[in-house]
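J.: One structure follows; several queries about it will come next.
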Amino acid sequence: MDTSMSRTIFPLFLFISFSCLASNSSAKRNDKPIIGVLTQEYYLPTPNPTAFILASYVKFLECAGARVVPIMVNQTLEEYQTLFKSINGVLYPGGGASITSSGYQRAAEIFYDLAIQANKRGDYFPVWGTCLGFEQLAYLTGGGVTLSFTNTSGVALPLNFTDEAKTSRIFKGFPADLMKDLASEPLTENSHKWSLATLTYNTNENLQKFYKVLSTNTDGKIEFVSTMEAYDYPIYATQWHPEKSAFEWTRPSISHSPPAIRTTFYTAEFFVGEARKSFHTFQSEEEESKALIYNYSPVYTGAEGIYSQIYLF
Ligand SMILES: *[C@@H]1O[C@H](CO)[C@@H](O)[C@H](O)[C@H]1NC(C)=O
Ligand SMILES: *[C@@H]1O[C@H](CO)[C@@H](O)[C@H](O)[C@H]1NC(C)=O
Ligand SMILES: *[C@@H]1O[C@H](CO)[C@@H](O)[C@H](O)[C@H]1NC(C)=O
């Protein structure tokens, strides 16, 4: 054996074992989190492929240290239950699927119910909804709430934080200067026609009991909830898009400024950090590799499409 090699490895090994002792929580941390991202039906008039995920959601999770598994639509309940026991969190992305009847809605509802049951018995399992995912979560918790039509298709807005934001789980790890930038600069991209009006939230007991509002926004007429987190569950939702600033290049309303990119990263780091508290694993390494998104390649669609890269299934 090369002696110079063993000399460098030995102190490194010591360093690692000391840092493990120093950090009490590392024993209770999953450093190989795998997060499921919901696919949704592809509406363009092509017979094949039939479902998609925007690559920006995958990169968003990967940039903070997670790996991704696509959750296909139209699977059996048993298949979803098995997948639930294999992954450490789930992300409901934005898009155009129906939140009342679609493959996206069905899978979202199943994983939402499984997450609630698991968390109740102390099996930590986080859920994140972005844009359509936010609306889906509001609909599931609110008992079919009515969303309001807002003029918010392609606008960047500063967040109007509530008093609860600073001590919230999502934002408490954000640097103070970034919180200031988020509150004063239009860093968060909104691409939605439907919103959860503050008025609707205020009159829906299910939503009020379940979610704490962390920020609001307005289109000039209707004030809506833009960030929320559940009181008793690791369930989180933003109506805005934390993933777009670093990874989508096709719209003028997406800020690529340094604080916008930091927002992408700090949001991803928060949610992946939540997934590190889950200890679900695949039955075997073989099943894990078969499920990972690495089995698919994203295609570049930014030249003519409204997204830079898409995974098609
Ligand atoms: C899911 O099932 C529905 C209803 O059978 C069908 O219309 C749709 O094309 C299926 N989607 C995929 C992606 O297989
Ligand atoms: C929608 O908002 C944009 C600014 O984001 C504004 O220019 C436009 O006039 C608004 N449209 C309506 C119908 O209010
Ligand atoms: C922020 O929200 C508060 C509470 O709803 C509201 O009174 C205030 O006008 C909002 N500010 C902006 C800039 O929208």
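Ordering of the structure tokens sets the chain letters (A, B, ...); residue numbers start at 1 within each chain; ligands are numbered from 1 in the order shown.
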List every residue of chain A that has an atom at most 9 Å from any atom of ligand 3, and for each one report the closest atom pair and its distance in Å to one decimal, counting only C-alpha atoms and all ligand atoms, with rows sorted by chain and then by increasing residue number, as CSV.
T.:
```
residue,atom,partner,partner_atom_place_in_ligand_line,distance
A:Pro158,CA,ligand 3,13 (C),8.5
A:Leu159,CA,ligand 3,13 (C),8.4
A:Asn160,CA,ligand 3,1 (C),4.9
A:Phe161,CA,ligand 3,1 (C),7.1
A:Thr162,CA,ligand 3,2 (O),7.1
A:Thr198,CA,ligand 3,5 (O),8.0
A:Ser215,CA,ligand 3,2 (O),8.0
A:Thr216,CA,ligand 3,2 (O),6.3
A:Asn217,CA,ligand 3,14 (O),6.0
A:Thr218,CA,ligand 3,14 (O),6.1
A:Gly220,CA,ligand 3,14 (O),8.4
A:Glu223,CA,ligand 3,5 (O),7.4
```
J.: Could you give me, as JSON lines, every chain A residue with an atom at most 8 Å from ligand 2, plus its closest atom pair and distance in Å to one decimal, counting only C-alpha atoms and all ligand atoms, rows ordered by chain then number?
T.:
```
{"residue": "A:Asn151", "atom": "CA", "partner": "ligand 2", "partner_atom_place_in_ligand_line": "1 (C)", "distance": 4.9}
{"residue": "A:Thr152", "atom": "CA", "partner": "ligand 2", "partner_atom_place_in_ligand_line": "5 (O)", "distance": 6.7}
{"residue": "A:Ser153", "atom": "CA", "partner": "ligand 2", "partner_atom_place_in_ligand_line": "5 (O)", "distance": 7.8}
{"residue": "A:Gly154", "atom": "CA", "partner": "ligand 2", "partner_atom_place_in_ligand_line": "5 (O)", "distance": 7.4}
{"residue": "A:Val155", "atom": "CA", "partner": "ligand 2", "partner_atom_place_in_ligand_line": "5 (O)", "distance": 5.6}
{"residue": "A:Asp219", "atom": "CA", "partner": "ligand 2", "partner_atom_place_in_ligand_line": "2 (O)", "distance": 6.9}
{"residue": "A:Gly220", "atom": "CA", "partner": "ligand 2", "partner_atom_place_in_ligand_line": "14 (O)", "distance": 7.9}
```
J.: Need to verify the contact set: Ser297 in chain A, 9 Å, only C-alpha atoms, exclusion of same-chain residues closer than 5 positions in sequence. Can you return it as a VMD selection string?
T.: chain A and resid 310 to 312
J.: Could you tell me, as an MDAnalysis selection string, which residues of range 18-221 of chain A DSSP assigns to alpha helix (DSSP H) when given the backbone?
T.: chainID A and resid 18:22 55:62 77:84 103:120 132:142 176:184 198:202 205:210
J.: Step one, run DSSP on the backbone; step two, keep only residues of range 215-262 of chain A assigned to strand (DSSP E); then write them as a PyMOL selection string.
T.: chain A and resi 215-218+223-230+235-238
J.: What is the distance between CA of Thr200 in chain A and CA of Asp113 in chain A, in Å to one decimal?
T.: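 A separation of 23.1 Å between them.
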J.: What is the distance between CA of Lys32 in chain A and CA of Glu285 in chain A, in Å to one decimal?
T.: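 The value is 12.5 Å.
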J.: Give one line per residue of chain A that approaches ligand 1 to at most 10 Å, naming the two atoms of the closest pair and their distance in Å to one decimal, counting only C-alpha atoms and all ligand atoms; sort by chain then ascending residue number and deliver it as JSON lines.
T.:
```
{"residue": "A:Thr39", "atom": "CA", "partner": "ligand 1", "partner_atom_place_in_ligand_line": "13 (C)", "distance": 8.4}
{"residue": "A:Gln40", "atom": "CA", "partner": "ligand 1", "partner_atom_place_in_ligand_line": "13 (C)", "distance": 7.1}
{"residue": "A:Glu41", "atom": "CA", "partner": "ligand 1", "partner_atom_place_in_ligand_line": "13 (C)", "distance": 5.2}
{"residue": "A:Tyr42", "atom": "CA", "partner": "ligand 1", "partner_atom_place_in_ligand_line": "13 (C)", "distance": 7.3}
{"residue": "A:Tyr43", "atom": "CA", "partner": "ligand 1", "partner_atom_place_in_ligand_line": "9 (O)", "distance": 9.4}
{"residue": "A:Pro47", "atom": "CA", "partner": "ligand 1", "partner_atom_place_in_ligand_line": "9 (O)", "distance": 8.9}
{"residue": "A:Asn48", "atom": "CA", "partner": "ligand 1", "partner_atom_place_in_ligand_line": "13 (C)", "distance": 9.2}
{"residue": "A:Pro49", "atom": "CA", "partner": "ligand 1", "partner_atom_place_in_ligand_line": "13 (C)", "distance": 7.8}
{"residue": "A:Thr50", "atom": "CA", "partner": "ligand 1", "partner_atom_place_in_ligand_line": "13 (C)", "distance": 4.3}
{"residue": "A:Ala51", "atom": "CA", "partner": "ligand 1", "partner_atom_place_in_ligand_line": "13 (C)", "distance": 4.9}
{"residue": "A:Phe52", "atom": "CA", "partner": "ligand 1", "partner_atom_place_in_ligand_line": "13 (C)", "distance": 8.6}
{"residue": "A:Met72", "atom": "CA", "partner": "ligand 1", "partner_atom_place_in_ligand_line": "13 (C)", "distance": 7.3}
{"residue": "A:Val73", "atom": "CA", "partner": "ligand 1", "partner_atom_place_in_ligand_line": "13 (C)", "distance": 5.7}
{"residue": "A:Asn74", "atom": "CA", "partner": "ligand 1", "partner_atom_place_in_ligand_line": "1 (C)", "distance": 4.9}
{"residue": "A:Gln75", "atom": "CA", "partner": "ligand 1", "partner_atom_place_in_ligand_line": "1 (C)", "distance": 8.6}
{"residue": "A:Ser102", "atom": "CA", "partner": "ligand 1", "partner_atom_place_in_ligand_line": "3 (C)", "distance": 7.8}
{"residue": "A:Gly103", "atom": "CA", "partner": "ligand 1", "partner_atom_place_in_ligand_line": "1 (C)", "distance": 6.0}
{"residue": "A:Tyr104", "atom": "CA", "partner": "ligand 1", "partner_atom_place_in_ligand_line": "1 (C)", "distance": 9.4}
{"residue": "A:Phe313", "atom": "CA", "partner": "ligand 1", "partner_atom_place_in_ligand_line": "13 (C)", "distance": 7.9}
```
J.: Output the selection as an mmCIF file, in the first residue's frame - N, CA, C and O atoms for each residue.
T.:
```cif
data_model
loop_
_atom_site.group_PDB
_atom_site.id
_atom_site.type_symbol
_atom_site.label_atom_id
_atom_site.label_comp_id
_atom_site.auth_asym_id
_atom_site.auth_seq_id
_atom_site.Cartn_x
_atom_site.Cartn_y
_atom_site.Cartn_z
ATOM 1 N N THR A 39 -45.884 13.215 -11.084
ATOM 2 C CA THR A 39 -46.025 13.517 -12.511
ATOM 3 C C THR A 39 -47.455 14.008 -12.726
ATOM 4 O O THR A 39 -48.300 13.935 -11.831
ATOM 5 N N GLN A 40 -47.726 14.514 -13.910
ATOM 6 C CA GLN A 40 -49.107 14.834 -14.272
ATOM 7 C C GLN A 40 -49.294 14.572 -15.756
ATOM 8 O O GLN A 40 -48.328 14.514 -16.512
ATOM 9 N N GLU A 41 -50.550 14.386 -16.150
ATOM 10 C CA GLU A 41 -50.853 14.071 -17.542
ATOM 11 C C GLU A 41 -50.364 15.181 -18.460
ATOM 12 O O GLU A 41 -50.420 16.361 -18.121
ATOM 13 N N TYR A 42 -49.930 14.773 -19.604
ATOM 14 C CA TYR A 42 -49.391 15.654 -20.622
ATOM 15 C C TYR A 42 -50.510 15.971 -21.584
ATOM 16 O O TYR A 42 -51.096 15.075 -22.187
ATOM 17 N N TYR A 43 -50.853 17.248 -21.732
ATOM 18 C CA TYR A 43 -52.067 17.576 -22.486
ATOM 19 C C TYR A 43 -51.876 17.850 -23.967
ATOM 20 O O TYR A 43 -52.827 17.907 -24.707
ATOM 21 N N PRO A 47 -49.897 11.157 -28.623
ATOM 22 C CA PRO A 47 -50.328 9.920 -27.981
ATOM 23 C C PRO A 47 -49.296 9.440 -26.956
ATOM 24 O O PRO A 47 -49.628 8.853 -25.944
ATOM 25 N N ASN A 48 -48.044 9.716 -27.222
ATOM 26 C CA ASN A 48 -46.898 9.342 -26.394
ATOM 27 C C ASN A 48 -46.001 10.536 -26.257
ATOM 28 O O ASN A 48 -45.826 11.212 -27.250
ATOM 29 N N PRO A 49 -45.377 10.818 -25.196
ATOM 30 C CA PRO A 49 -45.541 10.235 -23.876
ATOM 31 C C PRO A 49 -46.805 10.740 -23.183
ATOM 32 O O PRO A 49 -47.505 11.581 -23.724
ATOM 33 N N THR A 50 -47.063 10.227 -22.011
ATOM 34 C CA THR A 50 -48.344 10.497 -21.375
ATOM 35 C C THR A 50 -48.264 11.302 -20.087
ATOM 36 O O THR A 50 -49.278 11.694 -19.561
ATOM 37 N N ALA A 51 -47.068 11.531 -19.555
ATOM 38 C CA ALA A 51 -46.961 12.302 -18.309
ATOM 39 C C ALA A 51 -45.633 13.038 -18.288
ATOM 40 O O ALA A 51 -44.699 12.684 -19.016
ATOM 41 N N PHE A 52 -45.545 14.080 -17.450
ATOM 42 C CA PHE A 52 -44.310 14.863 -17.398
ATOM 43 C C PHE A 52 -44.015 15.391 -16.001
ATOM 44 O O PHE A 52 -44.898 15.451 -15.133
ATOM 45 N N MET A 72 -45.592 8.114 -10.734
ATOM 46 C CA MET A 72 -46.421 8.041 -11.937
ATOM 47 C C MET A 72 -47.902 8.138 -11.590
ATOM 48 O O MET A 72 -48.313 7.726 -10.502
ATOM 49 N N VAL A 73 -48.691 8.658 -12.514
ATOM 50 C CA VAL A 73 -50.143 8.668 -12.304
ATOM 51 C C VAL A 73 -50.707 7.287 -12.633
ATOM 52 O O VAL A 73 -50.032 6.453 -13.228
ATOM 53 N N ASN A 74 -51.935 7.068 -12.224
ATOM 54 C CA ASN A 74 -52.673 5.832 -12.545
ATOM 55 C C ASN A 74 -52.060 4.556 -11.979
ATOM 56 O O ASN A 74 -52.249 3.489 -12.549
ATOM 57 N N GLN A 75 -51.335 4.634 -10.888
ATOM 58 C CA GLN A 75 -50.837 3.419 -10.240
ATOM 59 C C GLN A 75 -51.910 2.901 -9.264
ATOM 60 O O GLN A 75 -52.813 3.645 -8.879
ATOM 61 N N SER A 102 -58.076 14.190 -11.539
ATOM 62 C CA SER A 102 -56.979 13.893 -12.483
ATOM 63 C C SER A 102 -56.104 12.838 -11.816
ATOM 64 O O SER A 102 -56.241 12.569 -10.612
ATOM 65 N N GLY A 103 -55.188 12.285 -12.576
ATOM 66 C CA GLY A 103 -54.239 11.334 -12.011
ATOM 67 C C GLY A 103 -53.372 12.014 -10.945
ATOM 68 O O GLY A 103 -53.022 11.408 -9.934
ATOM 69 N N TYR A 104 -53.040 13.281 -11.185
ATOM 70 C CA TYR A 104 -52.273 14.088 -10.234
ATOM 71 C C TYR A 104 -53.039 14.203 -8.913
ATOM 72 O O TYR A 104 -52.501 13.948 -7.834
ATOM 73 N N PHE A 313 -42.589 10.926 -19.670
ATOM 74 C CA PHE A 313 -42.668 9.499 -19.304
ATOM 75 C C PHE A 313 -43.618 8.750 -20.234
ATOM 76 O O PHE A 313 -44.559 9.318 -20.750
#
```
J.: Could you give me, as an mmCIF file with all heavy atoms, in the first residue's frame, the residues within 12 Å of Pro175 in chain A, counting only C-alpha atoms and dropping anything in the same chain fewer than 4 positions from it?
T.:
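Produced file selection09.cif, reproduced below:
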```cif
data_model
loop_
_atom_site.group_PDB
_atom_site.id
_atom_site.type_symbol
_atom_site.label_atom_id
_atom_site.label_comp_id
_atom_site.auth_asym_id
_atom_site.auth_seq_id
_atom_site.Cartn_x
_atom_site.Cartn_y
_atom_site.Cartn_z
ATOM 1 N N LYS A 166 -41.340 34.843 10.887
ATOM 2 C CA LYS A 166 -39.984 34.797 11.460
ATOM 3 C C LYS A 166 -39.723 33.551 12.293
ATOM 4 O O LYS A 166 -38.615 33.022 12.308
ATOM 5 C CB LYS A 166 -39.756 36.045 12.331
ATOM 6 C CG LYS A 166 -38.823 37.025 11.653
ATOM 7 C CD LYS A 166 -38.282 38.055 12.637
ATOM 8 C CE LYS A 166 -37.960 39.349 11.895
ATOM 9 N NZ LYS A 166 -38.915 40.427 12.131
ATOM 10 N N ILE A 170 -40.314 27.055 8.013
ATOM 11 C CA ILE A 170 -39.741 27.326 6.684
ATOM 12 C C ILE A 170 -38.708 28.449 6.752
ATOM 13 O O ILE A 170 -37.591 28.302 6.257
ATOM 14 C CB ILE A 170 -40.825 27.745 5.659
ATOM 15 C CG1 ILE A 170 -41.829 26.619 5.413
ATOM 16 C CG2 ILE A 170 -40.163 28.155 4.331
ATOM 17 C CD1 ILE A 170 -42.910 26.958 4.385
ATOM 18 N N PHE A 171 -39.081 29.577 7.340
ATOM 19 C CA PHE A 171 -38.249 30.776 7.193
ATOM 20 C C PHE A 171 -37.248 31.009 8.307
ATOM 21 O O PHE A 171 -36.374 31.858 8.174
ATOM 22 C CB PHE A 171 -39.148 32.017 7.045
ATOM 23 C CG PHE A 171 -39.926 32.064 5.751
ATOM 24 C CD1 PHE A 171 -41.319 32.020 5.749
ATOM 25 C CD2 PHE A 171 -39.264 32.137 4.529
ATOM 26 C CE1 PHE A 171 -42.037 32.073 4.557
ATOM 27 C CE2 PHE A 171 -39.971 32.181 3.325
ATOM 28 C CZ PHE A 171 -41.361 32.149 3.341
ATOM 29 N N MET A 179 -34.388 37.618 4.155
ATOM 30 C CA MET A 179 -35.780 37.889 4.543
ATOM 31 C C MET A 179 -36.143 39.334 4.185
ATOM 32 O O MET A 179 -37.249 39.609 3.720
ATOM 33 C CB MET A 179 -35.976 37.643 6.040
ATOM 34 C CG MET A 179 -35.938 36.180 6.450
ATOM 35 S SD MET A 179 -37.237 35.187 5.676
ATOM 36 C CE MET A 179 -38.645 35.585 6.727
ATOM 37 N N LYS A 180 -35.196 40.242 4.392
ATOM 38 C CA LYS A 180 -35.422 41.653 4.063
ATOM 39 C C LYS A 180 -35.618 41.818 2.555
ATOM 40 O O LYS A 180 -36.524 42.516 2.104
ATOM 41 C CB LYS A 180 -34.192 42.459 4.514
ATOM 42 C CG LYS A 180 -34.536 43.678 5.325
ATOM 43 C CD LYS A 180 -33.289 44.509 5.509
ATOM 44 C CE LYS A 180 -33.188 45.087 6.906
ATOM 45 N NZ LYS A 180 -31.843 45.559 7.192
ATOM 46 N N ASP A 181 -34.746 41.149 1.775
ATOM 47 C CA ASP A 181 -34.861 41.220 0.311
ATOM 48 C C ASP A 181 -36.191 40.637 -0.154
ATOM 49 O O ASP A 181 -36.858 41.198 -1.034
ATOM 50 C CB ASP A 181 -33.715 40.441 -0.360
ATOM 51 C CG ASP A 181 -32.358 41.106 -0.149
ATOM 52 O OD1 ASP A 181 -32.334 42.315 0.182
ATOM 53 O OD2 ASP A 181 -31.332 40.422 -0.305
ATOM 54 N N LEU A 182 -36.584 39.499 0.435
ATOM 55 C CA LEU A 182 -37.841 38.849 0.037
ATOM 56 C C LEU A 182 -39.044 39.751 0.321
ATOM 57 O O LEU A 182 -40.034 39.735 -0.419
ATOM 58 C CB LEU A 182 -38.011 37.519 0.776
ATOM 59 C CG LEU A 182 -37.370 36.294 0.123
ATOM 60 C CD1 LEU A 182 -37.318 35.137 1.117
ATOM 61 C CD2 LEU A 182 -38.124 35.880 -1.130
ATOM 62 N N PRO A 259 -30.270 37.369 -4.752
ATOM 63 C CA PRO A 259 -31.197 36.962 -3.670
ATOM 64 C C PRO A 259 -32.286 35.990 -4.130
ATOM 65 O O PRO A 259 -32.756 35.166 -3.332
ATOM 66 C CB PRO A 259 -31.798 38.289 -3.181
ATOM 67 C CG PRO A 259 -31.459 39.297 -4.204
ATOM 68 C CD PRO A 259 -30.239 38.837 -4.928
ATOM 69 N N ARG A 262 -30.629 32.650 -4.051
ATOM 70 C CA ARG A 262 -30.492 32.201 -2.652
ATOM 71 C C ARG A 262 -31.844 31.684 -2.138
ATOM 72 O O ARG A 262 -31.899 30.750 -1.349
ATOM 73 C CB ARG A 262 -30.009 33.351 -1.758
ATOM 74 C CG ARG A 262 -28.587 33.795 -2.049
ATOM 75 C CD ARG A 262 -28.234 35.006 -1.209
ATOM 76 N NE ARG A 262 -27.792 34.637 0.139
ATOM 77 C CZ ARG A 262 -27.851 35.445 1.193
ATOM 78 N NH1 ARG A 262 -28.371 36.651 1.081
ATOM 79 N NH2 ARG A 262 -27.419 35.041 2.366
ATOM 80 N N THR A 263 -32.923 32.307 -2.593
ATOM 81 C CA THR A 263 -34.259 31.856 -2.179
ATOM 82 C C THR A 263 -34.514 30.437 -2.684
ATOM 83 O O THR A 263 -35.036 29.593 -1.952
ATOM 84 C CB THR A 263 -35.341 32.826 -2.704
ATOM 85 O OG1 THR A 263 -35.050 34.132 -2.211
ATOM 86 C CG2 THR A 263 -36.728 32.400 -2.254
ATOM 87 N N PHE A 265 -32.263 28.179 -3.222
ATOM 88 C CA PHE A 265 -31.448 27.252 -2.452
ATOM 89 C C PHE A 265 -31.938 27.088 -1.005
ATOM 90 O O PHE A 265 -32.054 25.958 -0.515
ATOM 91 C CB PHE A 265 -29.966 27.654 -2.456
ATOM 92 C CG PHE A 265 -29.170 26.702 -1.619
ATOM 93 C CD1 PHE A 265 -28.953 25.395 -2.059
ATOM 94 C CD2 PHE A 265 -28.727 27.059 -0.356
ATOM 95 C CE1 PHE A 265 -28.283 24.478 -1.265
ATOM 96 C CE2 PHE A 265 -28.057 26.141 0.445
ATOM 97 C CZ PHE A 265 -27.830 24.854 -0.010
ATOM 98 N N TYR A 266 -32.242 28.198 -0.311
ATOM 99 C CA TYR A 266 -32.654 28.073 1.096
ATOM 100 C C TYR A 266 -33.983 27.330 1.230
ATOM 101 O O TYR A 266 -34.204 26.614 2.205
ATOM 102 C CB TYR A 266 -32.708 29.443 1.785
ATOM 103 C CG TYR A 266 -31.336 29.861 2.271
ATOM 104 C CD1 TYR A 266 -30.553 30.756 1.565
ATOM 105 C CD2 TYR A 266 -30.799 29.287 3.423
ATOM 106 C CE1 TYR A 266 -29.278 31.100 1.993
ATOM 107 C CE2 TYR A 266 -29.529 29.615 3.863
ATOM 108 C CZ TYR A 266 -28.769 30.527 3.146
ATOM 109 O OH TYR A 266 -27.510 30.845 3.577
ATOM 110 N N THR A 267 -34.871 27.512 0.238
ATOM 111 C CA THR A 267 -36.147 26.795 0.291
ATOM 112 C C THR A 267 -35.901 25.295 0.086
ATOM 113 O O THR A 267 -36.438 24.458 0.816
ATOM 114 C CB THR A 267 -37.113 27.333 -0.781
ATOM 115 O OG1 THR A 267 -37.124 28.749 -0.728
ATOM 116 C CG2 THR A 267 -38.514 26.816 -0.548
#
```
J.: Can you tell me how far CA of Glu78 in chain A sits from CA of Gly133 in chain A, in Å to one decimal?
T.: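 Interatomic distance, CA of Glu78 in chain A to CA of Gly133 in chain A: 22.8 Å.
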J.: List the spatial neighbours of range 201-214 of chain A as number ranges by chain - criterion: any atom at most 6 Å away, only C-alpha atoms, same-chain residues fewer than 3 positions off excluded.
T.: A: 142, 161-162, 164-165, 198, 227-231
J.: Go ahead and write the selection's residues with N, CA and C atoms as a PDB file, in the first residue's frame.
T.:
```
ATOM      1  N   GLY A 142     -59.109  21.878   2.932  1.00  0.00           N
ATOM      2  CA  GLY A 142     -60.255  22.765   3.128  1.00  0.00           C
ATOM      3  C   GLY A 142     -61.588  22.111   2.848  1.00  0.00           C
ATOM      4  N   PHE A 161     -44.900  39.311   4.542  1.00  0.00           N
ATOM      5  CA  PHE A 161     -44.806  38.340   5.639  1.00  0.00           C
ATOM      6  C   PHE A 161     -45.790  38.660   6.763  1.00  0.00           C
ATOM      7  N   THR A 162     -46.347  37.613   7.366  1.00  0.00           N
ATOM      8  CA  THR A 162     -47.150  37.790   8.575  1.00  0.00           C
ATOM      9  C   THR A 162     -46.200  37.778   9.786  1.00  0.00           C
ATOM     10  N   GLU A 164     -46.062  35.668  12.002  1.00  0.00           N
ATOM     11  CA  GLU A 164     -45.646  34.284  12.280  1.00  0.00           C
ATOM     12  C   GLU A 164     -44.450  33.826  11.436  1.00  0.00           C
ATOM     13  N   ALA A 165     -44.134  34.566  10.368  1.00  0.00           N
ATOM     14  CA  ALA A 165     -43.124  34.085   9.417  1.00  0.00           C
ATOM     15  C   ALA A 165     -41.758  33.867  10.073  1.00  0.00           C
ATOM     16  N   THR A 198     -57.368  35.325   1.089  1.00  0.00           N
ATOM     17  CA  THR A 198     -57.276  35.430   2.548  1.00  0.00           C
ATOM     18  C   THR A 198     -58.670  35.353   3.174  1.00  0.00           C
ATOM     19  N   THR A 227     -47.737  31.821   1.204  1.00  0.00           N
ATOM     20  CA  THR A 227     -46.926  30.774   1.847  1.00  0.00           C
ATOM     21  C   THR A 227     -47.664  30.292   3.089  1.00  0.00           C
ATOM     22  N   MET A 228     -47.704  28.977   3.299  1.00  0.00           N
ATOM     23  CA  MET A 228     -48.312  28.464   4.536  1.00  0.00           C
ATOM     24  C   MET A 228     -47.620  27.180   4.967  1.00  0.00           C
ATOM     25  N   GLU A 229     -47.685  26.921   6.271  1.00  0.00           N
ATOM     26  CA  GLU A 229     -47.177  25.647   6.786  1.00  0.00           C
ATOM     27  C   GLU A 229     -48.178  25.113   7.797  1.00  0.00           C
ATOM     28  N   ALA A 230     -48.279  23.783   7.854  1.00  0.00           N
ATOM     29  CA  ALA A 230     -49.246  23.176   8.777  1.00  0.00           C
ATOM     30  C   ALA A 230     -48.752  23.337  10.209  1.00  0.00           C
ATOM     31  N   TYR A 231     -49.668  23.518  11.144  1.00  0.00           N
ATOM     32  CA  TYR A 231     -49.302  23.626  12.560  1.00  0.00           C
ATOM     33  C   TYR A 231     -48.694  22.320  13.079  1.00  0.00           C
TER      34      TYR A 231
END
```
J.: Given the choices A:Val272, A:Cys131, A:Ala115, A:Ala108, which gets closest to Pro33 in chain A if the distance is worked out from only C-alpha atoms?
T.: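 Nearest to Pro33 in chain A: A:Val272.
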J.: Name the residues in contact with range 81-94 of chain A at a cut-off of 6 Å, using only C-alpha atoms, excluding same-chain residues fewer than 5 positions from it; report them as a list in words.
T.: Pro33, Ile34, Ile35, Gly36, Val37, Leu38, Phe125, Pro126, Val127, Trp128, Gly129, Thr130, Cys131, Leu132, Gly133, Ala275, Ser278, His280, Thr281 and Phe282 of chain A
